[in-house]
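Below is one structure; the comments refer to it alone.
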Amino acid sequence: MSNAPPPDVTFAPNLNRSEYLPRSPTRTGRGNEENSPLLAPRVEQEYGQFDNNFPDDPAFQEIIRKAEEAIEEGFLPERIYQGSSGSYFVKDHEKKIIGVFKPKDEEPYGKLNPKWTKWMHKLCCPCCFGRSCLVPNQGYLSEAGASLVDRKLQLNIVPNTKVVKLASDTFNYSAIDRAKSRTKHSIMTKVPAVGKKFHRLGLPPKTGSFQLFVNGYKDADFWLRKFDSEDLPVSTATKLQHLFERLVVLDYIIRNTDRGNDNWLIKYEPATSTPKGDSEEGEWSLVQNPDISVAAIDNGLAFPYKHPDEWRAYPYHWAWLPQAKVPFSDEIKELVLPQLSDMNFVQDLCDDLYELFKTDKGFDKRTFAKQMGVMRGQILNLTQALKDNKSPVQLVQMPVVTVERTKEGRVRTDSDQYTQSFSHRAPFFSWC
């Protein structure tokens with residue numbers, strides 16, 4: 001378990017709650033022994049090293065505390081019925097959506113995925129089962145990893161995402177876990193002396209990614225169709241182009257295998273104006289142009305350990321947009337090129353991702369080294385494309401390359417060497 005000190009923020013107890021109602025098993029260091037079962041070593045072994053403490057990000061930690069409080073008060077997460085995995089809208093005590101939680105064991109091919117479509121996929125079409133270039137059931141790490149890359153490069157298009165642990169009756173649990181929870185609650189009610197010895201009464205916490213919810217956004221496809229028929233002001237169109245380039249940079253570096261125009265979002269705020277004086281007939285001040293924002297969500301199918309080379313190519317669907325034909329702007333070059341050209345920065349990025357990915361129970365160093373080899377190759381291509389004044393569509397046409405570190409390890413030396421290798425095997429279908 002982490003030895004991090006408890007957060008400075010504390011919460012007053014709810015005096016109206018039942019004496020034996022257990023607190024959220026992900027809440028540590030608060031409450032009394034009777035109604036706050038501790039996360040014992042057994043729980044840490046099963047669910048990793050996270051305990052929902054984020055001292056470097058107090059704003060995010062406060063939102064998680066609100067989510068935990070809401071679950072305790074009965075405002076349970078609501079399953080999102082779209083998509084192929086178990087994902088949930090998490091609310092606060094005012095029933096306002098504050099985040100999206102995606103448990104590891106409810107991912108598309110997780111053992112507790114509540115969506116039967118993937119089970120049918122595996123049963124009826126095993127030859128096309130999953131993405132062979134991705135590590136299975138690491139989508140939650142991919143979501144958090146994309147947010148980490150976004151922050152390191154200051155792209156600011158991925159809603160803040162981290163790995164957390166939450167427990168809720170609305171999550172998909174096995175019959176055994178639910179039976180254990182009911183039995184412990186029954187014992188606690190009938191024989192409190194025995195029940196107090198349980199280190200957890202409720203359902204076990206699930207590890208998954210928690211992404212902050214963004215308001216006012218719609219699918220990019222919706223707005224892009226509108227923009228085709230309605231010209232944007234020059235300043236707004238320029239901002240959209242710059243934000244689009246940030247999306248390209250993110251997706252290309254993490255080699256996102258699932259980027260369509262329905263899983264990145266655009267927020268469009270119409271033009272506004274303010275009258276100069278109090279008179280209704282007074283002149284109007286300068287009209288402010290429409291504002292536009294972009295959010296890159298659904299980053300759970302990224303960080304492959306090899307380039308796609310079997311059935312499907314998993315292309316970037318933004319490559320067919322007119323914005324992809326415009327050469328990269330000076331704005332994006334000034335933002336990311338100095339960092340991507342620095343091998344020390346790139347290795348720092350790999351080290352930060354290592355700290356994140358190693359928390360997974362099935363973490364494998366060799367596989368992670370391959371994932372970073374693909375990412376380094378993507379960064380190498382992107383850096384060259386920016387220097388050569390290429391466009392996004394020209395970038396994706398460059399030969400894919402893998403850059404592997406000769407000696408993978410945490411110790412960095414001046415003699416570190418890297419080996420480049422090109423992929424000579426193309427997927428059977430190049431358009432999907």
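Within each chain, counting starts at residue 1; across the structure tokens, chains are named A, B, ... in the order shown, with ligands numbered 1 upward in that order.
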Exercise for the section: Do a neighbour search on region 314-321 of chain A at 10 Å with only C-alpha atoms, toss out local chain neighbours closer than 5 positions, and write the hits as number ranges by chain. Expected result: A: 131, 224, 244, 247-248, 251-252, 255-262, 264, 307-309, 326, 391-397, 427, 429-432
Keeping N, CA, C and O atoms, export the residues of the selection given above as a compact mmCIF listing (two decimals), in the first residue's frame.
```txt
# COMPACT_ATOMS: atom_id res chain seq x y z
N ARG A 131 -7.54 -6.95 -31.37
CA ARG A 131 -6.48 -6.31 -32.13
C ARG A 131 -5.18 -6.98 -31.72
O ARG A 131 -4.69 -6.78 -30.60
N LEU A 224 -18.33 18.87 -38.09
CA LEU A 224 -17.61 18.92 -39.35
C LEU A 224 -18.56 18.95 -40.54
O LEU A 224 -18.29 19.61 -41.55
N PHE A 244 -6.88 20.64 -34.37
CA PHE A 244 -6.85 19.40 -35.14
C PHE A 244 -5.43 18.85 -35.21
O PHE A 244 -5.21 17.64 -35.07
N LEU A 247 -4.55 17.04 -32.14
CA LEU A 247 -5.13 15.70 -32.15
C LEU A 247 -4.28 14.75 -32.99
O LEU A 247 -4.04 13.60 -32.59
N VAL A 248 -3.81 15.21 -34.13
CA VAL A 248 -2.96 14.39 -34.99
C VAL A 248 -1.68 14.00 -34.26
O VAL A 248 -1.27 12.82 -34.28
N ASP A 251 -2.58 11.32 -31.51
CA ASP A 251 -2.94 10.02 -32.05
C ASP A 251 -1.75 9.33 -32.70
O ASP A 251 -1.59 8.10 -32.59
N TYR A 252 -0.91 10.10 -33.38
CA TYR A 252 0.21 9.48 -34.07
C TYR A 252 1.25 8.96 -33.07
O TYR A 252 1.78 7.86 -33.23
N ARG A 255 -0.08 5.95 -31.35
CA ARG A 255 -0.57 5.02 -32.39
C ARG A 255 -1.97 4.53 -32.04
O ARG A 255 -2.22 3.33 -31.82
N ASN A 256 -2.88 5.50 -31.99
CA ASN A 256 -4.28 5.18 -31.69
C ASN A 256 -4.86 4.33 -32.81
O ASN A 256 -4.85 4.73 -33.97
N THR A 257 -5.36 3.15 -32.48
CA THR A 257 -5.94 2.26 -33.50
C THR A 257 -7.45 2.40 -33.61
O THR A 257 -8.08 1.62 -34.32
N ASP A 258 -8.03 3.38 -32.92
CA ASP A 258 -9.49 3.50 -32.93
C ASP A 258 -9.90 4.96 -32.91
O ASP A 258 -10.64 5.40 -32.03
N ARG A 259 -9.41 5.72 -33.88
CA ARG A 259 -9.81 7.12 -33.94
C ARG A 259 -10.70 7.37 -35.15
O ARG A 259 -10.24 7.42 -36.28
N GLY A 260 -11.99 7.47 -34.87
CA GLY A 260 -12.95 7.86 -35.89
C GLY A 260 -13.45 9.26 -35.59
O GLY A 260 -13.11 9.86 -34.56
N ASN A 261 -14.27 9.80 -36.44
CA ASN A 261 -14.79 11.14 -36.21
C ASN A 261 -15.95 11.16 -35.22
O ASN A 261 -16.54 12.21 -34.97
N ASP A 262 -16.26 9.99 -34.65
CA ASP A 262 -17.31 9.92 -33.64
C ASP A 262 -16.74 9.79 -32.23
O ASP A 262 -17.51 9.75 -31.27
N TRP A 264 -13.89 11.78 -31.17
CA TRP A 264 -13.28 13.01 -30.69
C TRP A 264 -14.34 14.09 -30.80
O TRP A 264 -15.24 14.01 -31.62
N HIS A 307 3.43 -2.61 -34.96
CA HIS A 307 2.56 -1.93 -35.91
C HIS A 307 1.56 -2.94 -36.48
O HIS A 307 1.90 -4.11 -36.68
N PRO A 308 0.33 -2.51 -36.74
CA PRO A 308 -0.66 -3.44 -37.32
C PRO A 308 -0.12 -4.06 -38.60
O PRO A 308 0.29 -3.34 -39.52
N ASP A 309 -0.12 -5.40 -38.67
CA ASP A 309 0.46 -6.06 -39.84
C ASP A 309 -0.27 -7.34 -40.22
O ASP A 309 0.27 -8.19 -40.93
N VAL A 326 -3.53 20.13 -45.09
CA VAL A 326 -2.82 21.40 -44.84
C VAL A 326 -1.52 21.10 -44.11
O VAL A 326 -1.52 20.38 -43.11
N SER A 391 2.25 17.56 -44.35
CA SER A 391 0.88 17.63 -43.85
C SER A 391 0.57 16.35 -43.09
O SER A 391 1.29 15.35 -43.20
N PRO A 392 -0.53 16.33 -42.30
CA PRO A 392 -0.90 15.09 -41.60
C PRO A 392 -1.10 13.91 -42.53
O PRO A 392 -0.71 12.78 -42.20
N VAL A 393 -1.69 14.12 -43.71
CA VAL A 393 -1.91 13.00 -44.61
C VAL A 393 -0.58 12.47 -45.15
O VAL A 393 -0.41 11.26 -45.37
N GLN A 394 0.41 13.36 -45.35
CA GLN A 394 1.74 12.90 -45.76
C GLN A 394 2.44 12.18 -44.63
O GLN A 394 3.22 11.25 -44.86
N LEU A 395 2.16 12.59 -43.41
CA LEU A 395 2.75 11.93 -42.24
C LEU A 395 2.33 10.47 -42.18
O LEU A 395 3.18 9.58 -41.98
N VAL A 396 1.03 10.20 -42.33
CA VAL A 396 0.56 8.82 -42.19
C VAL A 396 0.99 7.95 -43.37
O VAL A 396 0.88 6.72 -43.30
N GLN A 397 1.48 8.57 -44.44
CA GLN A 397 1.97 7.80 -45.59
C GLN A 397 3.44 7.43 -45.47
O GLN A 397 3.96 6.67 -46.28
N PRO A 427 -0.82 -4.88 -43.61
CA PRO A 427 -2.09 -5.56 -43.31
C PRO A 427 -2.83 -5.94 -44.59
O PRO A 427 -2.65 -5.34 -45.65
N PHE A 429 -6.11 -5.73 -45.18
CA PHE A 429 -7.01 -4.63 -45.52
C PHE A 429 -6.35 -3.32 -45.09
O PHE A 429 -6.08 -3.13 -43.91
N SER A 430 -6.12 -2.42 -46.03
CA SER A 430 -5.44 -1.18 -45.71
C SER A 430 -6.40 -0.02 -45.42
O SER A 430 -5.98 1.04 -44.98
N TRP A 431 -7.69 -0.25 -45.66
CA TRP A 431 -8.65 0.84 -45.53
C TRP A 431 -9.51 0.75 -44.28
O TRP A 431 -10.37 1.59 -44.06
N CYS A 432 -9.31 -0.27 -43.46
CA CYS A 432 -10.15 -0.39 -42.26
C CYS A 432 -9.30 -0.82 -41.06
O CYS A 432 -8.16 -1.21 -41.19
```
Could you pull the residues within 10 Å of Glu107 (chain A), counting only C-alpha atoms, minus those fewer than 5 positions along the same chain, as a tab-separated table (two decimals) with N, CA, C and O atoms, in the first residue's frame?
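Saved to out-v2.tsv:
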```tsv
chain	number	residue	atom	x	y	z
A	84	SER	N	-18.64	-1.07	-26.65
A	84	SER	CA	-18.48	-2.52	-26.56
A	84	SER	C	-17.91	-2.98	-25.23
A	84	SER	O	-17.50	-4.13	-25.09
A	85	SER	N	-17.88	-2.09	-24.24
A	85	SER	CA	-17.34	-2.47	-22.93
A	85	SER	C	-18.22	-1.89	-21.84
A	85	SER	O	-19.14	-1.10	-22.10
A	86	GLY	N	-17.92	-2.27	-20.61
A	86	GLY	CA	-18.62	-1.71	-19.47
A	86	GLY	C	-17.99	-0.38	-19.07
A	86	GLY	O	-16.86	-0.34	-18.59
A	87	SER	N	-18.69	0.70	-19.30
A	87	SER	CA	-18.22	2.03	-18.90
A	87	SER	C	-19.38	2.75	-18.23
A	87	SER	O	-20.55	2.46	-18.51
A	102	LYS	N	-14.04	3.47	-16.53
A	102	LYS	CA	-13.97	2.27	-17.36
A	102	LYS	C	-13.15	1.21	-16.62
A	102	LYS	O	-11.92	1.26	-16.60
A	112	LEU	N	-15.47	-9.77	-17.24
A	112	LEU	CA	-16.76	-9.31	-16.73
A	112	LEU	C	-17.39	-8.25	-17.63
A	112	LEU	O	-18.21	-7.45	-17.17
A	113	ASN	N	-17.03	-8.26	-18.90
A	113	ASN	CA	-17.65	-7.32	-19.84
A	113	ASN	C	-19.15	-7.61	-19.93
A	113	ASN	O	-19.55	-8.72	-20.28
A	114	PRO	N	-20.00	-6.63	-19.61
A	114	PRO	CA	-21.45	-6.89	-19.62
A	114	PRO	C	-22.07	-6.89	-21.02
A	114	PRO	O	-23.25	-7.22	-21.16
A	115	LYS	N	-21.31	-6.51	-22.04
A	115	LYS	CA	-21.86	-6.45	-23.41
A	115	LYS	C	-21.63	-7.80	-24.09
A	115	LYS	O	-20.50	-8.26	-24.25
A	118	LYS	N	-19.23	-8.73	-27.77
A	118	LYS	CA	-17.84	-9.19	-27.88
A	118	LYS	C	-17.72	-10.68	-27.62
A	118	LYS	O	-16.85	-11.35	-28.15
A	136	PRO	N	-3.82	-7.23	-24.43
A	136	PRO	CA	-5.22	-7.37	-24.00
A	136	PRO	C	-5.47	-6.75	-22.63
A	136	PRO	O	-4.62	-6.78	-21.74
A	137	ASN	N	-6.65	-6.16	-22.50
A	137	ASN	CA	-7.14	-5.63	-21.22
A	137	ASN	C	-6.20	-4.60	-20.59
A	137	ASN	O	-6.05	-4.56	-19.37
A	138	GLN	N	-5.61	-3.77	-21.44
A	138	GLN	CA	-4.82	-2.65	-20.93
A	138	GLN	C	-5.43	-1.32	-21.37
A	138	GLN	O	-4.77	-0.29	-21.37
A	139	GLY	N	-6.70	-1.34	-21.73
A	139	GLY	CA	-7.34	-0.13	-22.21
A	139	GLY	C	-7.34	0.98	-21.18
A	139	GLY	O	-7.19	2.16	-21.51
A	140	TYR	N	-7.51	0.62	-19.90
A	140	TYR	CA	-7.54	1.64	-18.86
A	140	TYR	C	-6.20	2.34	-18.73
A	140	TYR	O	-6.12	3.54	-18.46
A	208	GLY	N	-9.71	0.94	-12.72
A	208	GLY	CA	-10.05	1.38	-14.06
A	208	GLY	C	-9.63	2.82	-14.30
A	208	GLY	O	-9.07	3.48	-13.42
A	300	GLY	N	-8.52	4.27	-25.43
A	300	GLY	CA	-8.21	2.99	-24.81
A	300	GLY	C	-7.61	1.94	-25.72
A	300	GLY	O	-7.22	0.87	-25.26
```
Practice task
Between CA of Gln211 (chain A) and CA of Lys91 (chain A), measure the distance and give it in Å to one decimal.
Solution key: 12.3 Å
Handout entry: Using only C-alpha atoms: which of A:Leu134, A:Leu203, A:Ser293, A:Asp416 has the shortest distance to Ile176 (chain A)
Key = A:Leu203
Exercise for the section: List every residue of region 192-420 of chain A that DSSP, applied to the backbone, labels as helix (DSSP H, G or I), and write the result as a PyMOL selection string. Expected result: chain A and resi 192-195+220-229+234-254+317-320+322-325+330-340+343-357+365-387+392-396
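Of the residues listed (A:Glu230, A:Asp169, A:Glu245, A:Asp150), A:Asp169 shows the shortest atom-to-atom separation from Glu78 (chain A); distances use only C-alpha atoms.
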Handout entry: Nearby residues (only C-alpha atoms) at most 7 Å from Leu265 (chain A), same-chain spacing under 4 positions excluded, as number ranges by chain
Key = A: 217-220, 294-296
Residues from last step as file, C-alpha atoms, as a JSON list (two decimals), in the first residue's frame:
```json
[["chain", "number", "residue", "atom", "x", "y", "z"],
["A", 217, "TYR", "CA", -19.28, 18.93, -26.65],
["A", 218, "LYS", "CA", -20.67, 16.92, -29.57],
["A", 219, "ASP", "CA", -19.17, 14.33, -31.89],
["A", 220, "ALA", "CA", -16.72, 15.90, -34.30],
["A", 294, "VAL", "CA", -11.58, 19.98, -29.07],
["A", 295, "ALA", "CA", -11.57, 17.00, -26.69],
["A", 296, "ALA", "CA", -9.85, 13.71, -27.53]]
```
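For the atom pair formed by CA of Gln82 (chain A) and CA of Glu143 (chain A), the distance is 17.5 Å, given to one decimal.
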DSSP on the backbone: what in region 54-233 of chain A comes out strand (DSSP E), as an mmCIF file with C-alpha atoms, in the first residue's frame?
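Wrote states_4.cif, looks like this:
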```cif
data_model
loop_
_atom_site.group_PDB
_atom_site.id
_atom_site.type_symbol
_atom_site.label_atom_id
_atom_site.label_comp_id
_atom_site.auth_asym_id
_atom_site.auth_seq_id
_atom_site.Cartn_x
_atom_site.Cartn_y
_atom_site.Cartn_z
ATOM 1 C CA GLU A 78 -24.861 4.743 -14.520
ATOM 2 C CA ARG A 79 -23.818 2.285 -17.218
ATOM 3 C CA TYR A 88 -20.083 4.280 -16.484
ATOM 4 C CA PHE A 89 -21.136 7.882 -15.988
ATOM 5 C CA VAL A 90 -20.065 8.838 -12.475
ATOM 6 C CA LYS A 91 -22.141 11.505 -10.728
ATOM 7 C CA ILE A 97 -22.046 13.779 -14.352
ATOM 8 C CA ILE A 98 -18.448 14.431 -13.338
ATOM 9 C CA GLY A 99 -16.534 11.596 -14.984
ATOM 10 C CA VAL A 100 -16.456 8.404 -17.023
ATOM 11 C CA PHE A 101 -15.143 5.260 -15.322
ATOM 12 C CA LYS A 102 -13.966 2.265 -17.359
ATOM 13 C CA PRO A 103 -13.100 -0.789 -15.215
ATOM 14 C CA THR A 161 -7.576 10.859 -16.913
ATOM 15 C CA LYS A 162 -6.013 8.725 -14.188
ATOM 16 C CA VAL A 163 -6.249 5.204 -12.803
ATOM 17 C CA VAL A 164 -8.532 4.936 -9.788
ATOM 18 C CA LYS A 165 -10.411 2.309 -7.803
ATOM 19 C CA LEU A 166 -14.157 2.510 -7.276
ATOM 20 C CA LYS A 206 -12.530 -2.179 -9.424
ATOM 21 C CA THR A 207 -9.416 -0.698 -10.980
ATOM 22 C CA GLY A 208 -10.049 1.385 -14.060
ATOM 23 C CA SER A 209 -9.575 4.694 -15.821
ATOM 24 C CA PHE A 210 -11.458 7.769 -14.634
ATOM 25 C CA GLN A 211 -11.764 10.568 -17.195
ATOM 26 C CA LEU A 212 -13.229 13.933 -16.299
ATOM 27 C CA LYS A 218 -20.668 16.924 -29.574
ATOM 28 C CA ASP A 219 -19.171 14.327 -31.888
#
```
Practice task
Counting only C-alpha atoms, figure out which residue out of A:Lys365, A:Leu141, A:Ser341, A:Met372 gets nearest to Ala385 (chain A).
Solution key: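 Among A:Lys365, A:Leu141, A:Ser341, A:Met372, it is A:Ser341 that comes nearest to Ala385 (chain A).
Taking only C-alpha atoms, the non-local environment of Ala146 (chain A) within 8 Å (same-chain residues fewer than 6 positions away omitted) comprises Val158, Leu250, Ile254 and Asn299 of chain A.
Proximity ranking of A:Ala59, A:Leu380, A:Ala179, A:Leu356 relative to Val249 (chain A) places A:Leu380 first, based on only C-alpha atoms.
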Problem - One-decimal distance in Å that lies between CA of Asn172 (chain A) and CA of Thr189 (chain A) - result: 25.0 Å
